[in-house]
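Reproduced below: run.txt, with compact mmCIF, C-alpha atoms.
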# COMPACT_ATOMS: atom_id res chain seq x y z
CA MET A 119 -31.93 29.44 19.96
CA ALA A 120 -30.69 26.18 18.37
CA ARG A 121 -28.23 24.31 20.48
CA ALA A 122 -24.72 23.82 19.12
CA PRO A 123 -24.23 20.22 18.02
CA GLY A 124 -22.11 17.93 20.18
CA LEU A 125 -22.40 19.85 23.46
CA GLY A 126 -23.51 18.07 26.62
CA PRO A 127 -26.15 19.04 29.20
CA GLY A 128 -23.74 21.44 30.90
CA TYR A 129 -24.17 23.75 27.96
CA ARG A 130 -27.62 24.84 29.16
CA GLU A 131 -26.35 26.83 32.15
CA PHE A 132 -24.33 29.01 29.79
CA GLU A 133 -26.80 29.16 26.93
CA SER A 134 -29.02 32.02 28.04
CA HIS A 135 -26.43 34.73 28.68
CA HIS A 136 -23.25 33.57 26.94
CA SER A 137 -24.48 32.84 23.42
CA ASP A 138 -25.02 36.32 22.08
CA ILE A 139 -21.37 37.02 21.36
CA PHE A 140 -20.44 33.74 19.72
CA PHE A 141 -23.55 32.06 18.34
CA CYS A 142 -26.13 34.74 17.64
CA PRO A 143 -26.26 35.97 14.03
CA ALA A 144 -27.30 39.39 15.29
CA THR A 145 -24.05 39.96 17.21
CA ASN A 146 -22.86 43.53 16.78
CA TYR A 147 -19.37 42.74 15.51
CA LYS A 148 -18.74 46.35 14.63
CA LYS A 149 -19.41 47.36 18.23
CA LEU A 150 -17.08 44.58 19.41
CA SER A 151 -14.25 45.78 17.22
CA GLU A 152 -14.69 49.49 17.95
CA ASN A 153 -15.24 49.26 21.69
CA PRO A 154 -12.47 47.30 23.48
CA LYS A 155 -14.19 47.66 26.86
CA TYR A 156 -17.39 46.12 25.51
CA PHE A 157 -15.38 43.28 23.96
CA SER A 158 -13.48 42.70 27.22
CA LYS A 159 -16.74 42.57 29.16
CA LYS A 160 -18.29 40.08 26.77
CA LEU A 161 -15.14 37.95 26.77
CA LYS A 162 -15.15 37.82 30.56
CA GLN A 163 -18.82 36.82 30.58
CA ASN A 164 -17.98 33.96 28.26
CA GLU A 165 -14.84 32.86 30.11
CA HIS A 166 -16.48 29.84 31.74
CA PHE A 167 -18.19 28.87 28.52
CA LEU A 168 -14.87 29.00 26.66
CA CYS A 169 -13.28 26.82 29.34
CA TYR A 170 -16.11 24.33 28.92
CA LEU A 171 -15.62 24.24 25.16
CA GLY A 172 -11.86 24.02 25.60
CA MET A 173 -12.17 20.96 27.83
CA LYS A 174 -14.50 19.34 25.33
CA TRP A 175 -12.07 19.86 22.46
CA LEU A 176 -9.10 18.82 24.58
CA LYS A 177 -10.80 15.50 25.29
CA ILE A 178 -11.49 15.01 21.58
CA VAL A 179 -7.87 15.78 20.66
CA LEU A 180 -6.47 13.46 23.34
CA LEU A 181 -8.77 10.62 22.29
CA THR A 182 -7.79 11.13 18.64
CA VAL A 183 -4.06 11.05 19.50
CA LEU A 184 -4.59 7.92 21.60
CA LEU A 185 -6.49 6.21 18.78
CA ILE A 186 -3.79 7.05 16.22
CA SER A 187 -1.06 5.82 18.59
CA CYS A 188 -2.90 2.53 19.12
CA ARG A 189 -3.31 2.04 15.38
CA ASN A 190 0.36 2.77 14.71
CA ALA A 191 1.39 0.33 17.44
CA GLU A 192 -0.88 -2.32 15.92
CA LYS A 193 0.60 -1.73 12.46
CA ALA A 194 4.10 -2.13 13.88
CA GLN A 195 3.12 -5.42 15.54
CA ASP A 196 1.60 -6.70 12.30
CA HIS A 197 4.75 -5.79 10.39
CA GLN A 198 6.96 -7.52 12.97
CA ALA A 199 4.85 -10.68 12.74
CA PHE A 200 5.14 -10.55 8.94
CA ILE A 201 8.93 -10.14 9.08
CA ALA A 202 9.18 -13.05 11.53
CA ALA A 203 7.21 -15.25 9.13
CA LYS A 204 9.36 -14.16 6.20
CA ASP A 205 12.53 -14.94 8.15
CA LEU A 206 11.25 -18.44 8.91
CA TYR A 207 10.59 -19.00 5.22
CA LEU A 208 14.06 -17.78 4.23
CA GLN A 209 15.53 -20.15 6.83
CA GLY A 210 13.73 -23.04 5.17
CA ASP A 211 10.86 -23.43 7.64
CA SER A 212 7.93 -23.06 5.24
CA GLN A 213 5.39 -24.68 7.56
CA GLY A 214 6.39 -22.44 10.47
CA ALA A 215 6.07 -19.40 8.21
CA LEU A 216 2.61 -20.45 7.04
CA GLU A 217 1.42 -20.94 10.62
CA LYS A 218 2.55 -17.44 11.59
CA LEU A 219 0.96 -15.96 8.49
CA GLU A 220 -2.30 -17.78 9.19
CA ALA A 221 -2.47 -16.23 12.66
CA LEU A 222 -1.75 -12.78 11.24
CA GLU A 223 -4.40 -13.19 8.53
CA LYS A 224 -7.07 -14.05 11.09
CA HIS A 225 -6.08 -11.04 13.17
CA LYS A 226 -5.80 -8.62 10.24
CA PRO A 227 -7.64 -9.70 7.05
CA SER A 228 -6.81 -6.35 5.42
CA TYR A 229 -3.02 -6.85 5.71
CA PHE A 230 -2.28 -7.83 2.10
CA PRO A 231 1.47 -8.63 2.40
CA SER A 232 0.73 -11.63 4.63
CA PHE A 233 -1.75 -13.09 2.13
CA ILE A 234 0.60 -12.53 -0.81
CA LEU A 235 3.56 -14.14 0.97
CA ASP A 236 1.30 -16.99 2.08
CA GLY A 237 0.24 -17.45 -1.55
CA ARG A 238 3.84 -17.48 -2.75
CA ILE A 239 5.01 -20.01 -0.16
CA SER A 240 1.98 -22.23 -0.82
CA LEU A 241 2.67 -22.02 -4.56
CA PHE A 242 6.33 -23.00 -4.16
CA THR A 243 5.46 -25.89 -1.83
CA GLY A 244 2.80 -27.28 -4.16
CA GLN A 245 -0.21 -26.25 -2.07
CA TYR A 246 -2.06 -24.80 -5.04
CA GLU A 247 -5.54 -24.64 -3.49
CA ARG A 248 -4.27 -22.71 -0.50
CA ALA A 249 -2.25 -20.39 -2.76
CA GLU A 250 -5.29 -19.62 -4.89
CA GLU A 251 -7.44 -18.96 -1.81
CA LYS A 252 -4.96 -16.46 -0.37
CA LEU A 253 -4.32 -14.61 -3.62
CA THR A 254 -8.03 -14.52 -4.48
CA HIS A 255 -8.67 -12.82 -1.13
CA VAL A 256 -6.37 -9.97 -2.16
CA LEU A 257 -7.66 -9.67 -5.72
CA LYS A 258 -11.28 -9.49 -4.58
CA ILE A 259 -10.44 -6.36 -2.61
CA ASN A 260 -7.87 -4.92 -5.00
CA PRO A 261 -8.08 -6.48 -8.49
CA LEU A 262 -4.95 -4.61 -9.65
CA GLU A 263 -2.57 -5.56 -6.82
CA PHE A 264 0.56 -6.28 -8.87
CA ASP A 265 2.21 -9.02 -6.80
CA ALA A 266 -1.09 -10.86 -6.31
CA ILE A 267 -1.68 -10.77 -10.08
CA ARG A 268 1.84 -11.98 -10.83
CA TRP A 269 1.73 -14.97 -8.51
CA MET A 270 -1.82 -15.88 -9.45
CA ALA A 271 -0.77 -15.89 -13.11
CA ASN A 272 2.13 -18.19 -12.24
CA LEU A 273 -0.31 -20.46 -10.42
CA TYR A 274 -2.59 -20.57 -13.46
CA LEU A 275 0.37 -21.47 -15.69
CA LEU A 276 1.51 -24.25 -13.38
CA THR A 277 -1.98 -25.72 -13.39
CA LYS A 278 -2.25 -25.26 -17.20
CA ARG A 279 -5.10 -22.77 -16.99
CA TYR A 280 -3.75 -20.76 -19.89
CA GLU A 281 -6.91 -18.89 -20.84
CA GLU A 282 -7.34 -17.65 -17.27
CA THR A 283 -3.71 -16.50 -17.29
CA GLU A 284 -4.27 -14.57 -20.51
CA LYS A 285 -7.40 -12.89 -19.18
CA LEU A 286 -5.83 -11.92 -15.84
CA VAL A 287 -2.59 -10.56 -17.33
CA THR A 288 -4.31 -8.70 -20.19
CA ILE A 289 -6.38 -6.73 -17.67
CA ALA A 290 -3.28 -6.04 -15.55
CA LEU A 291 -1.35 -4.72 -18.57
CA GLU A 292 -3.90 -1.93 -18.91
CA LYS A 293 -2.51 -0.51 -15.67
CA TYR A 294 1.08 -1.76 -16.06
CA PRO A 295 1.72 -1.43 -19.82
CA GLU A 296 4.91 -3.02 -21.17
CA GLU A 297 5.75 -4.50 -17.75
CA PRO A 298 8.20 -7.26 -18.82
CA ARG A 299 7.25 -9.72 -16.07
CA LEU A 300 3.61 -9.57 -17.11
CA LEU A 301 4.54 -9.79 -20.79
CA LEU A 302 6.50 -12.99 -20.12
CA LEU A 303 3.49 -14.48 -18.36
CA LEU A 304 1.20 -13.47 -21.22
CA ALA A 305 3.58 -14.94 -23.78
CA ALA A 306 3.71 -18.19 -21.80
CA SER A 307 -0.09 -18.33 -21.78
CA TYR A 308 -0.15 -17.89 -25.57
CA LYS A 309 2.45 -20.64 -25.95
CA GLY A 310 0.40 -22.96 -23.76
CA GLN A 311 -2.66 -22.36 -25.95
CA GLY A 312 -0.71 -22.97 -29.14
CA LYS A 313 -0.94 -19.33 -30.23
CA VAL A 314 2.57 -19.27 -31.67
CA LYS A 315 2.37 -15.92 -33.48
CA GLU A 316 1.03 -14.09 -30.41
CA ALA A 317 3.65 -15.77 -28.22
CA VAL A 318 6.54 -14.66 -30.47
CA VAL A 319 5.30 -11.06 -30.65
CA THR A 320 4.79 -10.86 -26.89
CA TYR A 321 8.19 -12.42 -26.06
CA HIS A 322 9.72 -9.82 -28.38
CA ARG A 323 7.93 -7.02 -26.47
CA ALA A 324 9.30 -8.43 -23.23
CA TYR A 325 12.96 -8.61 -24.19
CA LEU A 326 12.96 -5.03 -25.50
CA PHE A 327 13.36 -4.25 -21.81
CA GLU A 328 16.97 -5.40 -22.17
CA VAL A 329 17.94 -1.88 -23.27
CA GLU A 330 16.80 -0.41 -19.95
CA LEU A 331 18.34 -3.35 -18.10
CA ALA A 332 21.71 -2.80 -19.77
CA TYR A 333 21.59 0.85 -18.75
CA ALA A 334 20.87 -0.15 -15.16
CA HIS A 335 23.94 -2.43 -15.11
CA TYR A 336 26.05 0.36 -16.57
CA GLU A 337 24.93 2.86 -13.92
CA MET A 338 25.57 0.32 -11.15
CA ALA A 339 29.07 -0.20 -12.53
CA GLN A 340 29.77 3.54 -12.28
CA LEU A 341 28.63 3.60 -8.66
CA TYR A 342 30.84 0.63 -7.77
CA SER A 343 33.77 2.35 -9.47
CA GLN A 344 33.30 5.48 -7.34
CA PHE A 345 33.80 3.39 -4.20
CA GLY A 346 36.77 1.48 -5.57
CA LEU A 347 34.89 -1.82 -5.94
CA GLU A 348 36.63 -2.85 -9.14
CA LYS A 349 35.50 -6.48 -9.11
CA GLU A 350 31.82 -5.49 -8.88
CA HIS A 351 32.40 -2.70 -11.44
CA LYS A 352 33.83 -5.19 -13.94
CA ALA A 353 30.96 -7.68 -13.41
CA GLN A 354 28.30 -5.03 -14.01
CA MET A 355 30.06 -3.70 -17.11
CA GLU A 356 30.26 -7.23 -18.54
CA ARG A 357 26.54 -7.69 -18.03
CA ALA A 358 25.76 -4.33 -19.62
CA SER A 359 28.04 -5.13 -22.55
CA ALA A 360 26.53 -8.58 -23.07
CA LEU A 361 23.02 -7.22 -23.17
CA SER A 362 24.00 -4.38 -25.49
CA GLU A 363 25.86 -6.67 -27.91
CA ARG A 364 22.95 -9.09 -28.09
CA ARG A 365 20.62 -6.23 -29.07
CA LEU A 366 23.14 -5.02 -31.73
CA HIS A 367 23.33 -8.45 -33.39
CA GLU A 368 19.55 -8.80 -33.80
Please re-express this file's structure in structure tokens.
Amino acid sequence: MARAPGLGPGYREFESHHSDIFFCPATNYKKLSENPKYFSKKLKQNEHFLCYLGMKWLKIVLLTVLLISCRNAEKAQDHQAFIAAKDLYLQGDSQGALEKLEALEKHKPSYFPSFILDGRISLFTGQYERAEEKLTHVLKINPLEFDAIRWMANLYLLTKRYEETEKLVTIALEKYPEEPRLLLLLAASYKGQGKVKEAVVTYHRAYLFEVELAYAHYEMAQLYSQFGLEKEHKAQMERASALSERRLHE
């Protein structure tokens, strides 16, 4: 009879007289169900075999749990390293942040947030080649990663690569249609190329988002009012009103 896959050499000592109940297609299941004594006898015969299988599966389960725990611990460490780098950047230590991110990137090339933050910091500090390298790494693996697209488009604009900006953002808009941040980048690329008509139309598409933005300010004002934060309530209502009035006068 064919040996069950995955079982070690110890299986052989059970194979000859313990396989008929569990592995043989000719097992008389009707007899098993109708005769409890016969079933009890067969179960007792297979007791050692079941223990053997149980130990095998227990080892597999324990190893799986251990592997998952190790991976979760590694993810937590990666996230902590990323947060530490971000904190350094927010404190004004851009170089320290980049050094931490570089170490994390070498350890975990698949951890996108570190590459995107590295690209942003490099962009803001004028290290354009480094920024492009980091963002390209992400886009090669995931061409529609929103933040990588956004910062790469900004990089292209800063380096006056307007046609590349247009191409990148146009593809992204297929997944993120009417996303105002992408529309602003696209409009800027048109403006840089001297495509005035396209720039005007695209800027118009972008500021239509003001309606939704005004509603967001209004809802925030209501929440502040519920908690008695009148100063914040007033500020949000003024912003909502300003956006609404501007749309009414167009």
Residue contacts of Glu292 of chain A (12 Å, all atoms listed in the file) excluding same-chain residues fewer than 5 positions away, as a PyMOL selection string: chain A and resi 262+264+285-287+297+300-301
Residue nearest Pro295 of chain A among A:Leu347, A:Ala334, A:Ala324, A:Val179 (counting only C-alpha atoms):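 Residue with the minimum atom-to-atom distance to Pro295 of chain A: A:Ala324.
Neighbouring residues of Leu331 of chain A at 10 Å or closer, counting all atoms listed in the file and skipping chain neighbours under 6 positions away, are Tyr325, Glu337, Arg357, Ala358, Leu361 and Ser362 of chain A.
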Length of the atom CA of Ala317 of chain A to atom CA of Lys293 of chain A vector [Å]: 20.7 Å
Of the listed residues A:Lys226, A:Lys349, A:Arg268, A:Lys252, that which approaches His197 of chain A most closely, counting only C-alpha atoms: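 Closest residue, counting only C-alpha atoms: A:Lys226.
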